[in-house]
Every structure is written in C-alpha cells, then in structure tokens.
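Here is start-v2.txt, consisting of compact mmCIF, C-alpha atoms:
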# COMPACT_ATOMS: atom_id res chain seq x y z
CA MET J 1 -3.41 -7.58 16.69
CA ILE J 2 -0.33 -5.37 17.07
CA ALA J 3 0.40 -6.98 20.45
CA LEU J 4 0.32 -10.35 18.66
CA GLY J 5 3.00 -9.21 16.21
CA VAL J 6 1.02 -7.92 13.24
CA PRO J 7 3.04 -4.92 11.94
CA ASP J 8 1.67 -1.51 12.88
CA MET J 9 1.28 0.50 9.68
CA SER J 10 -1.19 2.96 11.11
CA ALA J 11 -0.96 6.52 9.87
CA ALA J 12 0.37 7.63 13.25
CA VAL J 13 3.59 5.60 12.89
CA LEU J 14 4.15 5.64 9.12
CA PRO J 15 6.09 8.95 9.01
CA GLY J 16 8.59 7.47 11.45
CA HIS J 17 8.87 4.31 9.35
CA PHE J 18 9.40 6.46 6.26
CA ALA J 19 12.18 8.45 7.94
CA ALA J 20 13.85 5.25 9.17
CA LEU J 21 13.82 3.80 5.66
CA LEU J 22 15.42 6.95 4.25
CA ASP J 23 18.06 6.81 7.01
CA ASP J 24 18.91 3.17 6.22
CA PRO J 25 22.29 3.32 4.42
CA GLY J 26 21.43 0.48 2.01
CA VAL J 27 18.08 1.98 1.08
CA ALA J 28 19.56 5.48 0.76
CA ALA J 29 22.28 4.22 -1.58
CA ALA J 30 19.78 2.31 -3.69
CA LEU J 31 17.55 5.38 -3.99
CA GLY J 32 20.32 7.44 -5.57
CA GLU J 33 19.02 10.80 -6.77
CA ASP J 34 15.51 10.00 -5.52
CA LEU J 35 16.75 10.22 -1.92
CA ALA J 36 16.82 14.04 -1.91
CA ARG J 37 13.38 14.22 -3.53
CA LEU J 38 11.97 11.77 -0.96
CA ARG J 39 13.50 13.68 1.95
CA ALA J 40 11.86 16.83 0.56
CA HIS J 41 8.60 14.85 0.39
CA GLU J 42 8.67 13.92 4.10
CA PRO J 43 6.58 16.91 5.31
CA ARG J 44 3.93 16.24 2.65
CA TYR J 45 3.88 12.54 3.57
CA ALA J 46 3.52 13.42 7.27
CA ALA J 47 0.61 15.74 6.44
CA LEU J 48 -1.25 13.08 4.45
CA CYS J 49 -0.68 10.59 7.29
CA GLU J 50 -2.07 13.16 9.73
CA GLN J 51 -5.13 13.53 7.50
CA LEU J 52 -5.53 9.75 7.38
CA ALA J 53 -5.10 9.41 11.16
CA ALA J 54 -8.11 11.70 11.60
CA SER J 55 -10.30 9.34 9.57
CA ALA J 56 -13.61 8.09 10.93
CA VAL J 57 -12.79 4.74 9.33
CA PRO J 58 -11.26 2.46 11.98
CA LEU J 59 -7.95 0.67 11.58
CA SER J 60 -8.20 -2.88 10.38
CA VAL J 61 -6.10 -5.85 9.43
CA GLN J 62 -5.09 -4.85 5.92
CA HIS J 63 -3.99 -7.60 3.51
CA ASP J 64 -1.49 -5.33 1.66
CA ASP J 65 -1.22 -7.66 -1.35
CA LEU J 66 -4.82 -8.28 -2.32
CA HIS J 67 -5.40 -9.19 -5.94
CA ASP J 68 -7.17 -11.92 -7.85
CA ASP J 69 -4.23 -14.34 -7.62
CA ASN J 70 -4.59 -14.28 -3.82
CA VAL J 71 -8.25 -15.29 -3.81
CA LEU J 72 -9.52 -18.84 -4.09
CA VAL J 73 -13.01 -19.15 -5.52
CA GLY J 74 -15.07 -22.24 -4.87
CA ASP J 75 -17.61 -22.65 -2.15
CA GLY J 76 -17.27 -18.97 -1.30
CA TYR J 77 -14.13 -16.87 -1.38
CA ARG J 78 -10.93 -17.57 0.51
CA PHE J 79 -8.22 -14.95 0.75
CA PHE J 80 -4.67 -16.17 1.27
CA ASP J 81 -1.05 -14.95 1.32
CA TRP J 82 -1.38 -12.80 4.40
CA GLY J 83 2.41 -12.44 4.76
CA ASP J 84 2.28 -8.71 3.96
CA ALA J 85 -0.67 -7.98 6.26
CA SER J 86 -0.56 -5.17 8.77
CA VAL J 87 -2.80 -3.08 10.99
CA ALA J 88 -3.56 -0.05 8.85
CA HIS J 89 -6.25 2.06 7.27
CA PRO J 90 -8.37 -0.46 5.35
CA PHE J 91 -8.34 1.61 2.16
CA ALA J 92 -4.59 0.99 1.85
CA VAL J 93 -5.44 -2.40 0.34
CA LEU J 94 -6.51 -0.54 -2.80
CA LEU J 95 -2.90 0.29 -3.71
CA VAL J 96 -2.18 -3.21 -4.98
CA ALA J 97 -5.76 -4.20 -5.80
CA LEU J 98 -6.37 -1.29 -8.19
CA ARG J 99 -2.87 -1.43 -9.66
CA VAL J 100 -3.19 -5.14 -10.48
CA ALA J 101 -6.65 -4.61 -11.96
CA ALA J 102 -5.32 -1.77 -14.13
CA GLU J 103 -2.38 -3.84 -15.35
CA ARG J 104 -4.37 -7.01 -15.91
CA TYR J 105 -7.10 -5.31 -17.94
CA GLY J 106 -5.07 -2.58 -19.63
CA LEU J 107 -6.82 0.25 -17.81
CA LYS J 108 -5.24 3.70 -18.00
CA PRO J 109 -5.05 6.02 -14.98
CA GLY J 110 -8.40 7.68 -14.45
CA ASP J 111 -10.36 4.94 -16.23
CA PRO J 112 -13.95 4.92 -14.90
CA VAL J 113 -13.71 1.17 -14.29
CA LEU J 114 -11.12 1.85 -11.59
CA ALA J 115 -13.45 4.36 -9.93
CA ARG J 116 -16.25 1.76 -9.99
CA LEU J 117 -13.95 -0.81 -8.39
CA ARG J 118 -12.98 1.74 -5.73
CA ASP J 119 -16.63 2.62 -5.08
CA ALA J 120 -17.59 -1.05 -4.79
CA TYR J 121 -14.88 -1.50 -2.16
CA LEU J 122 -16.03 1.62 -0.28
CA GLU J 123 -19.70 0.58 -0.18
CA PRO J 124 -19.48 -1.49 3.04
CA TRP J 125 -17.81 1.47 4.77
CA ALA J 126 -20.81 3.77 4.14
CA GLY J 127 -21.54 4.02 7.87
CA HIS J 128 -18.30 5.96 8.31
CA GLY J 129 -18.99 8.80 5.88
CA THR J 130 -20.52 9.86 2.60
CA ARG J 131 -19.23 8.37 -0.64
CA ALA J 132 -17.35 11.61 -1.33
CA GLU J 133 -15.78 11.63 2.15
CA LEU J 134 -14.72 8.01 1.84
CA ALA J 135 -13.40 8.47 -1.70
CA ALA J 136 -11.34 11.43 -0.47
CA GLU J 137 -9.51 9.08 1.91
CA VAL J 138 -8.46 6.65 -0.81
CA GLU J 139 -5.60 8.71 -2.25
CA PRO J 140 -3.95 9.37 1.15
CA ALA J 141 -4.38 5.70 2.09
CA ILE J 142 -2.83 4.54 -1.17
CA GLN J 143 0.08 6.95 -0.80
CA ALA J 144 0.63 5.92 2.82
CA ALA J 145 0.59 2.25 1.82
CA LYS J 146 3.65 2.68 -0.39
CA VAL J 147 5.83 2.91 2.72
CA SER J 148 4.07 -0.15 4.12
CA ARG J 149 4.89 -2.06 0.92
CA ALA J 150 8.55 -1.00 1.15
CA LEU J 151 8.70 -2.22 4.76
CA SER J 152 7.03 -5.49 3.84
CA TRP J 153 9.71 -6.11 1.23
CA GLN J 154 12.43 -5.10 3.69
CA ARG J 155 11.12 -7.68 6.20
CA SER J 156 10.91 -10.31 3.45
CA LEU J 157 14.48 -9.71 2.35
CA ALA J 158 16.04 -9.41 5.81
CA ASP J 159 17.59 -12.87 5.57
CA GLY J 160 17.83 -12.96 1.79
CA ASP J 161 20.85 -14.47 0.12
CA GLU J 162 22.80 -12.79 -2.67
CA GLN J 163 20.63 -14.27 -5.41
CA GLU J 164 17.37 -13.20 -3.74
CA LEU J 165 18.71 -9.72 -3.06
CA ALA J 166 19.85 -9.41 -6.67
CA LYS J 167 16.39 -10.40 -7.89
CA TRP J 168 14.18 -8.53 -5.39
CA GLY J 169 16.43 -5.98 -3.69
CA GLN J 170 15.10 -3.03 -5.70
CA ALA J 171 11.59 -3.54 -4.29
CA VAL J 172 12.26 -1.45 -1.17
CA PRO J 173 13.61 1.66 -2.93
CA GLY J 174 11.17 1.03 -5.77
CA TRP J 175 8.13 1.31 -3.52
CA LEU J 176 9.54 4.44 -1.89
CA ALA J 177 10.12 6.02 -5.30
CA GLU J 178 6.46 5.30 -6.04
CA LEU J 179 5.64 8.10 -3.57
CA LEU J 180 6.82 10.49 -6.28
CA ALA J 181 4.61 8.96 -8.98
CA PRO J 182 0.87 9.36 -9.64
CA ASN J 183 -1.56 6.61 -8.72
CA VAL J 184 -3.90 4.73 -11.06
CA LEU J 185 -7.00 6.60 -9.91
Could you spell out this file's structure in structure tokens?
Amino acid sequence: MIALGVPDMSAAVLPGHFAALLDDPGVAAALGEDLARLRAHEPRYAALCEQLAASAVPLSVQHDDLHDDNVLVGDGYRFFDWGDASVAHPFAVLLVALRVAAERYGLKPGDPVLARLRDAYLEPWAGHGTRAELAAEVEPAIQAAKVSRALSWQRSLADGDEQELAKWGQAVPGWLAELLAPNVL
C-alpha cells in the first residue's frame, strides 16, 4: 500500500514526521509557546512510538477519520471518505472515533461507554493479545495518531487559498498541541 502512495504513518516513521512538523517554519510560528513544550515532548513521543512499533498487531490501512458521518448504512455498511487514510497501527482509528462518540453523546473522559466502544473495536484483534495487552496499546496508538492527523491536514491544505487557510490553517498546530492534552479514555 505504501508503494502505491498511501501515506506511511507507521510508528517507525512518526517521530521523524513529528520532528519535521516542528521544524516547519509556518507550523512552528503557529504553535507559539506550545513549540517549546512539544520539542520537550519529542523523546516521550519517540518512546511511545517505539512501544507501538513492537506491537504484535500488524500495520493496516487506517481510515484516520472514522465516525458515524463517514458510514453509510443500508444493505450492509459502507465506509467512505478515505482521504485521510494511511498505513498505521489499526488502533489509531480510535482517536477520531472515540472523540466523535464522546462529543456526540456528551460523554466525559473516562466514561465506561467509551471503554465499551474501545473493547468492541478490540474484539476482532483478540488473536494478537489479551484484552489487557490490546487495551494497553490504545493510548500509544491514539497519541501517535495526533501527528498523523496534523500531517493529513497539512497535505489537505498544501494548495489551499487564503480563505481556506484562514478557516482551516490552525488544524495542523491544533492536532500537534493535542499531544499535550489528555485523551477521552
């Protein structure tokens, strides 16, 4: 898939992508005071990516924007809007999926419903570890995916005009700043 042009967001390359984003003058300027905090976070991010790279769960095509508005229901389910897809740890998809579920249904961080949603997603991966082992990989995958989301927005905005950049330009630094914030689980 990578040879066909699907972006490589595997844990092995994400620390380099993260560093490149922080070195981008436009991104660095937009980050403001968060830039220093994110640079200090680089070793921790590299360590969580190293942990994720050691996973028994194989890389997969990861949708990267999976939520209920990107699923058609009829005669079965059809997933669409694959524009953000990448080759990555498959648990990275939970970043957006769990966040959207929490927002849509007013769920607070740590709500047991979110854990049930996570566990339902993990069930088909049971051949790759115990529930506890798989659940332990969710947080690193979600954290790693924040850089993938920033890169997806950067690709989307590469040819953006002034109006588009004014409307969406904060998405890249915004996703990077999310590395400093807790997740919904």
Residues within 12 Å of (-4.2, 15.6, 2.5), counting all atoms listed in the file, listed as a PyMOL selection string: chain J and resi 43-55+136-144
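Distances here use all atoms listed in the file; by that measure, the residue among J:Lys167, J:Ala20, J:Leu151, J:Leu98 closest to J:Asp111 is J:Leu98.
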Long-range neighbours of J:Leu59 as an MDAnalysis selection string, 10 Å cut-off, all atoms listed in the file, 4 positions minimum in chain: chainID J and resid 8:11 53 55 86:91
So that I can check the surroundings of J:Asp65, please list as an MDAnalysis selection string every protein, DNA and RNA residue that reaches within 12 Å of it, counting only C-alpha atoms and ignoring chain neighbours fewer than 3 positions away. chainID J and resid 61:62 68:71 79:86 92:100 145:146 148:149 152:153
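For the pair atom CA of J:Leu35 and atom CA of J:Leu21, the separation is 10.4 Å.
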Out of J:Val57, J:Ala12, J:Val6, J:Ala30, which residue has the shortest atom-to-atom distance to J:His128 when counting all atoms listed in the file? J:Val57
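Residue neighbourhood of J:Glu178, excluding near-sequence residues (fewer than 4 positions): J:Leu38, J:Gln143, J:Lys146, J:Val147, J:Ala150, J:Pro173, J:Gly174, J:Pro182, J:Asn183, at 10 Å, using all atoms listed in the file.
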Taking into account only C-alpha atoms, which residue in the set J:Leu180, J:His63, J:Gln163, J:Gly74 is nearest to J:Ala36? J:Leu180
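Counting only C-alpha atoms, the residue from J:Leu157, J:Leu114, J:Asp119, J:His41 that sits nearest to J:Pro15 is J:His41.
Taking atom CA of J:Glu164 as the reference point, atom CA of J:Glu33 is found at 24.2 Å.
Counting from atom CA of J:Gly129, the distance to atom CA of J:Ala56 is 7.4 Å.
The smallest atom-to-atom distance between J:Ala115 and any of J:Leu165, J:Ala102, J:Leu14, J:Ile2, using only C-alpha atoms, is found for J:Ala102.
Comparing the minimum interatomic distances between J:Pro109 and each of J:Leu185, J:Val13, J:Leu122, J:Leu31, counting only C-alpha atoms, we find that J:Leu185 sits nearest.
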